[in-house]
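Trainee: Sharing work_13.txt (compact mmCIF, C-alpha atoms) below.
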```txt
# COMPACT_ATOMS: atom_id res chain seq x y z
CA MET A 294 14.85 -20.70 16.31
CA THR A 295 15.16 -17.86 13.80
CA VAL A 296 12.51 -15.28 12.90
CA GLU A 297 13.19 -13.14 9.82
CA VAL A 298 11.48 -9.75 9.66
CA LEU A 299 11.26 -8.44 6.10
CA PHE A 300 11.63 -4.76 5.22
CA PRO A 301 11.19 -3.32 8.72
CA GLU A 302 12.12 0.17 7.45
CA PHE A 303 8.68 0.52 5.85
CA SER A 304 6.54 -2.55 6.69
CA ASN A 305 5.80 -1.03 10.07
CA LEU A 306 2.56 0.95 9.78
CA TYR A 307 -0.15 0.92 12.45
CA GLY A 308 2.17 -0.47 15.11
CA ASP A 309 2.60 -3.79 13.28
CA MET A 310 6.18 -4.09 14.55
CA ALA A 311 4.73 -4.55 18.03
CA ASN A 312 4.07 -8.13 16.89
CA ILE A 313 7.80 -8.74 16.71
CA ARG A 314 8.54 -6.89 19.92
CA TYR A 315 5.96 -9.05 21.67
CA LEU A 316 7.43 -12.25 20.24
CA GLN A 317 10.85 -11.11 21.46
CA ALA A 318 9.43 -10.56 24.93
CA CYS A 319 7.77 -13.99 24.88
CA ALA A 320 10.78 -15.81 23.40
CA PRO A 321 14.00 -13.90 24.18
CA ASP A 322 16.05 -16.98 23.27
CA MET A 323 14.97 -16.76 19.63
CA GLU A 324 17.12 -15.08 16.97
CA PHE A 325 15.47 -12.17 15.18
CA VAL A 326 16.93 -11.14 11.81
CA TYR A 327 15.90 -7.82 10.25
CA THR A 328 16.30 -7.75 6.47
CA ASP A 329 16.05 -4.41 4.68
CA LEU A 330 14.97 -3.96 1.07
CA TYR A 331 18.51 -3.95 -0.32
CA SER A 332 19.86 -7.00 1.53
CA GLU A 333 19.57 -10.63 0.51
CA PRO A 334 16.97 -12.34 2.69
CA ARG A 335 18.23 -14.94 5.12
CA PHE A 336 15.54 -17.36 3.88
CA ALA A 337 17.02 -17.28 0.35
CA THR A 338 19.99 -19.46 1.27
CA GLY A 339 19.72 -20.15 4.99
CA HIS A 340 17.38 -21.61 7.55
CA VAL A 341 14.54 -19.67 9.14
CA ASP A 342 11.66 -20.89 11.28
CA MET A 343 9.37 -17.93 10.67
CA LEU A 344 8.94 -15.04 8.22
CA TYR A 345 7.08 -11.86 9.14
CA LEU A 346 5.90 -9.01 6.93
CA GLY A 347 3.79 -6.12 8.21
CA SER A 348 1.62 -3.35 6.82
CA MET A 349 3.26 -0.87 4.45
CA PRO A 350 2.36 2.25 2.45
CA GLU A 351 0.49 1.25 -0.70
CA ARG A 352 3.22 2.63 -2.97
CA LYS A 353 5.82 0.49 -1.20
CA GLN A 354 4.03 -2.74 -2.10
CA GLU A 355 5.47 -2.69 -5.62
CA MET A 356 9.00 -2.25 -4.23
CA ALA A 357 8.53 -5.14 -1.83
CA VAL A 358 7.11 -7.53 -4.42
CA LYS A 359 9.83 -6.62 -6.94
CA ARG A 360 12.43 -7.57 -4.34
CA LEU A 361 10.71 -10.85 -3.49
CA MET A 362 9.84 -11.94 -7.04
CA ASP A 363 13.17 -13.73 -7.57
CA TYR A 364 12.48 -15.83 -4.47
CA VAL A 365 9.02 -17.14 -5.39
CA PRO A 366 10.25 -20.76 -5.85
CA ARG A 367 12.03 -20.60 -2.50
CA LEU A 368 8.97 -19.11 -0.79
CA LYS A 369 6.81 -21.92 -2.20
CA GLU A 370 9.31 -24.43 -0.90
CA LEU A 371 9.35 -22.92 2.60
CA ILE A 372 5.56 -22.76 2.76
CA GLU A 373 5.24 -26.41 1.73
CA GLU A 374 7.87 -27.35 4.32
CA GLY A 375 5.74 -25.79 7.05
CA VAL A 376 7.82 -22.73 7.86
CA VAL A 377 5.66 -20.26 9.78
CA VAL A 378 4.73 -17.21 7.70
CA LEU A 379 2.72 -14.30 9.11
CA ALA A 380 1.73 -11.29 7.00
CA THR A 381 -0.51 -8.58 8.46
CA GLY A 382 -2.46 -5.71 6.94
CA ASN A 383 -1.94 -5.02 3.26
CA ALA A 384 1.17 -7.25 3.22
CA MET A 385 -1.40 -9.98 2.61
CA GLU A 386 -1.95 -8.59 -0.89
CA LEU A 387 1.61 -9.38 -1.98
CA PHE A 388 0.82 -13.11 -1.89
CA GLY A 389 -2.02 -12.83 -4.41
CA GLU A 390 -1.95 -12.57 -8.19
CA TYR A 391 -2.18 -8.81 -8.72
CA ILE A 392 -3.36 -5.45 -7.38
CA SER A 393 -5.86 -3.57 -9.55
CA ASP A 394 -5.85 0.22 -9.18
CA SER A 395 -7.61 2.64 -11.57
CA GLY A 396 -7.72 0.02 -14.30
CA GLU A 397 -4.03 -0.87 -14.02
CA LYS A 398 -2.85 -4.24 -12.74
CA THR A 399 0.40 -4.67 -10.82
CA ARG A 400 1.67 -8.22 -10.67
CA MET A 401 2.15 -9.74 -7.23
CA LEU A 402 3.84 -12.99 -6.14
CA GLY A 403 1.03 -15.23 -7.39
CA LEU A 404 1.22 -17.70 -4.52
CA PHE A 405 -2.56 -17.78 -3.98
CA PRO A 406 -5.53 -17.33 -6.37
CA PHE A 407 -6.84 -13.96 -5.22
CA HIS A 408 -6.27 -10.33 -6.18
CA ALA A 409 -6.71 -6.95 -4.52
CA ASP A 410 -8.99 -4.19 -5.80
CA ARG A 411 -7.61 -0.86 -4.60
CA LYS A 412 -9.51 2.44 -4.68
CA ILE A 413 -7.10 4.84 -3.05
CA GLN A 414 -9.11 7.86 -4.16
CA GLU A 415 -12.09 6.77 -2.08
CA ILE A 416 -12.68 6.89 1.67
CA ARG A 417 -10.50 4.50 3.63
CA HIS A 418 -12.33 1.56 5.18
CA ASN A 419 -11.88 1.40 8.97
CA SER A 420 -13.49 -1.24 11.16
CA MET A 421 -13.17 -3.58 14.09
CA PHE A 422 -13.19 -7.36 13.63
CA LEU A 423 -14.53 -10.41 15.42
CA GLY A 424 -14.06 -13.93 14.08
CA ASP A 425 -12.93 -17.44 14.83
CA PHE A 426 -9.81 -19.42 13.97
CA GLU A 427 -10.59 -23.06 14.79
CA ASP A 428 -11.73 -22.79 18.44
CA ILE A 429 -9.99 -19.46 19.12
CA PRO A 430 -12.04 -16.23 19.07
CA MET A 431 -10.06 -13.57 17.19
CA VAL A 432 -10.29 -9.79 17.50
CA GLY A 433 -8.63 -6.94 15.66
CA CYS A 434 -8.96 -3.86 13.52
CA ARG A 435 -8.36 -2.87 9.91
CA SER A 436 -7.75 0.27 7.86
CA GLN A 437 -7.46 -0.07 4.10
CA PHE A 438 -8.18 1.26 0.61
CA SER A 439 -8.46 -2.22 -0.93
CA PHE A 440 -10.24 -5.55 -0.63
CA CYS A 441 -9.20 -9.03 -1.75
CA ARG A 442 -11.36 -11.06 -4.10
CA GLY A 443 -10.94 -14.41 -5.79
CA GLU A 444 -10.68 -17.92 -4.41
CA PHE A 445 -10.07 -18.59 -0.72
CA PRO A 446 -10.09 -22.37 -0.30
CA HIS A 447 -7.89 -22.03 2.79
CA ALA A 448 -9.56 -19.31 4.86
CA PHE A 449 -7.88 -18.18 8.06
CA MET A 450 -10.92 -17.01 10.02
CA LYS A 451 -14.71 -17.14 9.91
CA VAL A 452 -16.24 -13.68 10.31
CA ARG A 453 -18.66 -13.03 13.15
CA GLY A 454 -18.52 -9.25 13.11
CA GLY A 455 -16.94 -6.72 10.79
CA CYS A 456 -15.61 -7.33 7.31
CA GLY A 457 -13.98 -10.30 5.59
CA ASN A 458 -11.57 -10.29 2.68
CA SER A 459 -14.21 -8.14 0.99
CA PRO A 460 -17.57 -6.83 2.21
CA GLU A 461 -19.35 -9.76 0.54
CA ASP A 462 -16.98 -12.42 1.94
CA HIS A 463 -17.65 -14.11 5.27
CA THR A 464 -14.10 -15.41 5.63
CA GLU A 465 -10.93 -13.49 6.45
CA GLY A 466 -7.36 -14.11 5.40
CA VAL A 467 -5.56 -17.25 4.27
CA HIS A 468 -4.33 -20.18 6.35
CA TYR A 469 -2.35 -22.81 4.48
CA LYS A 470 -0.13 -25.20 6.43
CA ASN A 471 1.72 -22.78 8.74
CA LEU A 472 1.13 -19.65 6.63
CA PHE A 473 -1.23 -16.97 7.96
CA LEU A 474 -2.29 -13.96 5.91
CA THR A 475 -4.68 -11.43 7.41
CA TYR A 476 -5.91 -7.90 6.75
CA LEU A 477 -5.94 -7.37 10.53
CA LEU A 478 -3.20 -4.95 11.43
CA GLY A 479 -1.40 -3.29 14.30
CA PRO A 480 -0.37 -5.32 17.36
CA PHE A 481 -2.24 -8.40 16.13
CA LEU A 482 -0.36 -10.83 18.39
CA VAL A 483 -0.77 -8.60 21.44
CA LEU A 484 -4.52 -8.39 20.81
CA ASN A 485 -4.85 -12.16 20.36
CA PRO A 486 -2.85 -13.89 23.11
CA LEU A 487 -4.48 -17.29 22.54
CA PHE A 488 -3.35 -17.23 18.91
CA THR A 489 0.12 -16.10 20.01
CA LYS A 490 0.29 -19.18 22.24
CA TYR A 491 -0.71 -21.29 19.23
CA LEU A 492 2.03 -19.64 17.13
CA LEU A 493 4.68 -20.24 19.77
CA ARG A 494 3.74 -23.91 19.90
CA LEU A 495 4.06 -24.11 16.12
CA LEU A 496 7.58 -22.81 16.54
CA GLY A 497 8.31 -25.51 19.10
CA HIS A 498 8.57 -22.97 21.90
CA ASP A 499 7.05 -22.81 25.36
CA ASP A 500 3.75 -20.93 25.06
CA THR A 501 4.05 -18.85 28.23
CA LEU A 502 3.41 -15.22 27.26
CA ALA A 503 5.06 -12.05 28.42
CA TYR A 504 2.57 -10.07 30.53
CA GLU A 505 0.16 -12.95 30.12
CA GLN A 506 -2.32 -11.88 32.78
CA GLU A 507 -2.55 -8.35 31.43
CA ALA A 508 -2.81 -9.58 27.83
CA MET A 509 -5.63 -11.97 28.69
CA GLU A 510 -7.53 -9.33 30.67
CA ALA A 511 -7.35 -6.88 27.76
CA TYR A 512 -8.32 -9.60 25.29
CA ASN A 513 -11.32 -10.74 27.32
CA LEU A 514 -12.52 -7.15 27.74
CA ARG A 515 -12.26 -6.44 24.01
CA LEU A 516 -13.92 -9.75 23.20
CA SER A 517 -16.85 -9.04 25.52
CA GLN A 518 -17.33 -5.61 23.94
CA LEU A 519 -17.35 -6.98 20.39
CA GLU A 520 -19.65 -9.88 21.31
CA ALA A 521 -22.16 -7.56 23.00
CA PRO A 522 -25.53 -7.17 21.22
CA GLY A 523 -25.53 -4.15 18.93
CA ALA A 524 -21.74 -3.78 18.88
CA ASN A 525 -20.66 -1.25 16.24
CA PHE A 526 -17.82 -2.57 14.07
CA HIS A 527 -17.49 0.33 11.64
CA ILE A 528 -15.37 3.34 12.55
CA GLY A 529 -16.02 6.74 10.98
```
Take the structure in the file and write it out as structure tokens.

Mentor:
Amino acid sequence: MTVEVLFPEFSNLYGDMANIRYLQACAPDMEFVYTDLYSEPRFATGHVDMLYLGSMPERKQEMAVKRLMDYVPRLKELIEEGVVVLATGNAMELFGEYISDSGEKTRMLGLFPFHADRKIQEIRHNSMFLGDFEDIPMVGCRSQFSFCRGEFPHAFMKVRGGCGNSPEDHTEGVHYKNLFLTYLLGPFLVLNPLFTKYLLRLLGHDDTLAYEQEAMEAYNLRLSQLEAPGANFHIG
């Protein structure tokens, strides 16, 4: 099993790399490949079982998409084959059609029919999240200057509390085959141990988690707090 981590030198905001560290702890027998911006990705010519891309500074998004643009046909092929893809935070925006910022549009990978509206001059949106993926309650947090709008025929989660892809959307992220895009950031897999078990099973791995008891206790506490009547999801 091989997990390729793309651009770890800058796609590591908000503690997103904890997702990979947790996967390593859960599956130490897996191979983890770290591909920087100036190296050819392993997925371009070789086999990978999972791709991961985390949150990055807004001005790095253009660098990342420029590097990946030549591999769009290969990315489409891997997605259709069922390779696991997980993108967290604003890495989700790279998979859409474009990012609009102050009237200018920057082309993205165009893999899904949505775009991001960025307003970096305004106050950053910060909030907690509560939703559902199939029968799994999902929790998390987000911090962003942009929202995604467009078509989401393959939503990842249904929103129960907090914000969706945009304030007017009651769905969050994209789930297509084994691809998962989400605005939720930070240690997403640590915060959602039941989903991490699901992900490990997708990879054909035993779903026993590292620090499973502690992870479940923290998850259940956070879930109970967000499900409580009158829970406040907005921060600041």

Trainee: Rank nothing, just name the residue among A:Ala511, A:Met450, A:Val376, A:Leu482 nearest to A:Asp428, using all atoms listed in the file.

Mentor: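 Nearest candidate to A:Asp428 out of A:Ala511, A:Met450, A:Val376, A:Leu482: A:Met450.
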
Trainee: For a quick check of your reading of the model, name the residues lying within 9 Å of the coordinate (15.9, -18.9, -5.2), counting all atoms listed in the file, and write them as a list of chain:residue names.

Mentor: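 Those within range, by chain then number, are A:Ala337, A:Thr338, A:Asp363, A:Tyr364, A:Val365, A:Pro366, A:Arg367, A:Leu368.
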
Trainee: Per residue of stretch 412-461 of chain A within 8 Å of stretch 382-392 of chain A, what are the shortest atom pair and its distance in Å to one decimal, counting only C-alpha atoms, with rows by chain and residue number, as a Markdown table?

Mentor:
```
| residue | atom | partner | partner_atom | distance |
| --- | --- | --- | --- | --- |
| A:Arg435 | CA | A:Gly382 | CA | 7.2 |
| A:Gln437 | CA | A:Asn383 | CA | 7.5 |
| A:Cys441 | CA | A:Glu386 | CA | 7.3 |
```

Trainee: I want to know what sits within 7 Å of stretch 343-352 of chain A, based on only C-alpha atoms, with residues of the same chain fewer than 5 positions away left out; could you give that as number ranges by chain?

Mentor: A: 295-299, 303-306, 309, 376-384, 478

Trainee: Provide the atom CA of A:Phe440 to atom CA of A:Glu373 distance in Å, to one decimal place.

Mentor: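 About the pair atom CA of A:Phe440 and atom CA of A:Glu373: they are 26.1 Å apart.
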
Trainee: Out of A:Phe481, A:Tyr491, A:Tyr504, A:Phe422, which residue has the shortest atom-to-atom distance to A:Met310 when counting all atoms listed in the file?

Mentor: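 Smallest separation from A:Met310 among the options: A:Phe481.
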
Trainee: Mind dumping a table of every stretch 406-508 of chain A residue within 9 Å of stretch 317-335 of chain A, with the nearest atom pair and its distance in Å to one decimal, using only C-alpha atoms, sorted by chain and rising number, as CSV?

Mentor:
```
residue,atom,partner,partner_atom,distance
A:Leu493,CA,A:Ala320,CA,8.4
A:His498,CA,A:Ala320,CA,7.6
A:Asp499,CA,A:Ala320,CA,8.2
A:Asp500,CA,A:Cys319,CA,8.0
A:Thr501,CA,A:Cys319,CA,7.0
A:Leu502,CA,A:Cys319,CA,5.1
A:Ala503,CA,A:Cys319,CA,4.9
A:Tyr504,CA,A:Cys319,CA,8.6
```

Trainee: With a distance cut-off of 12 Å and all atoms listed in the file, select the neighbouring residues of A:Asn485, excluding the residue or stretch itself and same-chain residues fewer than 3 positions from it, and output the selection as a ChimeraX atom specification.

Mentor: /A:312,315,422-426,429-434,477-482,488-492,502,505,507-516

Trainee: With C-alpha atoms retained, export the selected residues as a PDB file, in the coordinates of the input.

Mentor:
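So out-v8.pdb came out as:
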```pdb
ATOM      1  CA  ASN A 312       4.070  -8.130  16.890  1.00  0.00           C
ATOM      2  CA  TYR A 315       5.960  -9.050  21.670  1.00  0.00           C
ATOM      3  CA  PHE A 422     -13.190  -7.360  13.630  1.00  0.00           C
ATOM      4  CA  LEU A 423     -14.530 -10.410  15.420  1.00  0.00           C
ATOM      5  CA  GLY A 424     -14.060 -13.930  14.080  1.00  0.00           C
ATOM      6  CA  ASP A 425     -12.930 -17.440  14.830  1.00  0.00           C
ATOM      7  CA  PHE A 426      -9.810 -19.420  13.970  1.00  0.00           C
ATOM      8  CA  ILE A 429      -9.990 -19.460  19.120  1.00  0.00           C
ATOM      9  CA  PRO A 430     -12.040 -16.230  19.070  1.00  0.00           C
ATOM     10  CA  MET A 431     -10.060 -13.570  17.190  1.00  0.00           C
ATOM     11  CA  VAL A 432     -10.290  -9.790  17.500  1.00  0.00           C
ATOM     12  CA  GLY A 433      -8.630  -6.940  15.660  1.00  0.00           C
ATOM     13  CA  CYS A 434      -8.960  -3.860  13.520  1.00  0.00           C
ATOM     14  CA  LEU A 477      -5.940  -7.370  10.530  1.00  0.00           C
ATOM     15  CA  LEU A 478      -3.200  -4.950  11.430  1.00  0.00           C
ATOM     16  CA  GLY A 479      -1.400  -3.290  14.300  1.00  0.00           C
ATOM     17  CA  PRO A 480      -0.370  -5.320  17.360  1.00  0.00           C
ATOM     18  CA  PHE A 481      -2.240  -8.400  16.130  1.00  0.00           C
ATOM     19  CA  LEU A 482      -0.360 -10.830  18.390  1.00  0.00           C
ATOM     20  CA  PHE A 488      -3.350 -17.230  18.910  1.00  0.00           C
ATOM     21  CA  THR A 489       0.120 -16.100  20.010  1.00  0.00           C
ATOM     22  CA  LYS A 490       0.290 -19.180  22.240  1.00  0.00           C
ATOM     23  CA  TYR A 491      -0.710 -21.290  19.230  1.00  0.00           C
ATOM     24  CA  LEU A 492       2.030 -19.640  17.130  1.00  0.00           C
ATOM     25  CA  LEU A 502       3.410 -15.220  27.260  1.00  0.00           C
ATOM     26  CA  GLU A 505       0.160 -12.950  30.120  1.00  0.00           C
ATOM     27  CA  GLU A 507      -2.550  -8.350  31.430  1.00  0.00           C
ATOM     28  CA  ALA A 508      -2.810  -9.580  27.830  1.00  0.00           C
ATOM     29  CA  MET A 509      -5.630 -11.970  28.690  1.00  0.00           C
ATOM     30  CA  GLU A 510      -7.530  -9.330  30.670  1.00  0.00           C
ATOM     31  CA  ALA A 511      -7.350  -6.880  27.760  1.00  0.00           C
ATOM     32  CA  TYR A 512      -8.320  -9.600  25.290  1.00  0.00           C
ATOM     33  CA  ASN A 513     -11.320 -10.740  27.320  1.00  0.00           C
ATOM     34  CA  LEU A 514     -12.520  -7.150  27.740  1.00  0.00           C
ATOM     35  CA  ARG A 515     -12.260  -6.440  24.010  1.00  0.00           C
ATOM     36  CA  LEU A 516     -13.920  -9.750  23.200  1.00  0.00           C
TER      37      LEU A 516
END
```

Trainee: In Å, with one decimal, what is the gap from atom CA of A:Ser436 to atom CA of A:Leu316?

Mentor: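 Here the two named atoms are 23.2 Å from each other.
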
Trainee: Need the neighbours of (-13.5, -8.8, 0.3): which residues are at most 6 Å away, counting all atoms listed in the file, as a list in words?

Mentor: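 Answer for this query, in the requested form: Phe440, Cys441, Arg442, Gly457, Asn458, Ser459, Pro460, Glu461 and Asp462 of chain A.
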
Trainee: Taking only C-alpha atoms into account, name the residue in A:Ser439, A:Phe407, A:Asn419, A:Ile413 that is nearest to A:Val467.

Mentor: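 So, comparing all the options, the nearest one is A:Phe407.
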
Trainee: Using all atoms listed in the file, find the one residue out of A:Phe445, A:Phe405, A:Cys456, A:Leu472 that sits nearest to A:Ile528.

Mentor: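 Under the stated criterion, the closest residue is A:Cys456.
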
Trainee: Quick one, how far is atom CA of A:His527 from atom CA of A:Ser420?

Mentor: 4.3 Å

Trainee: Given all atoms listed in the file as the basis, pick out the residue of A:His408, A:Arg314, A:His418, A:Lys369 nearest to A:Phe526.

Mentor: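 Nearest candidate to A:Phe526 out of A:His408, A:Arg314, A:His418, A:Lys369: A:His418.
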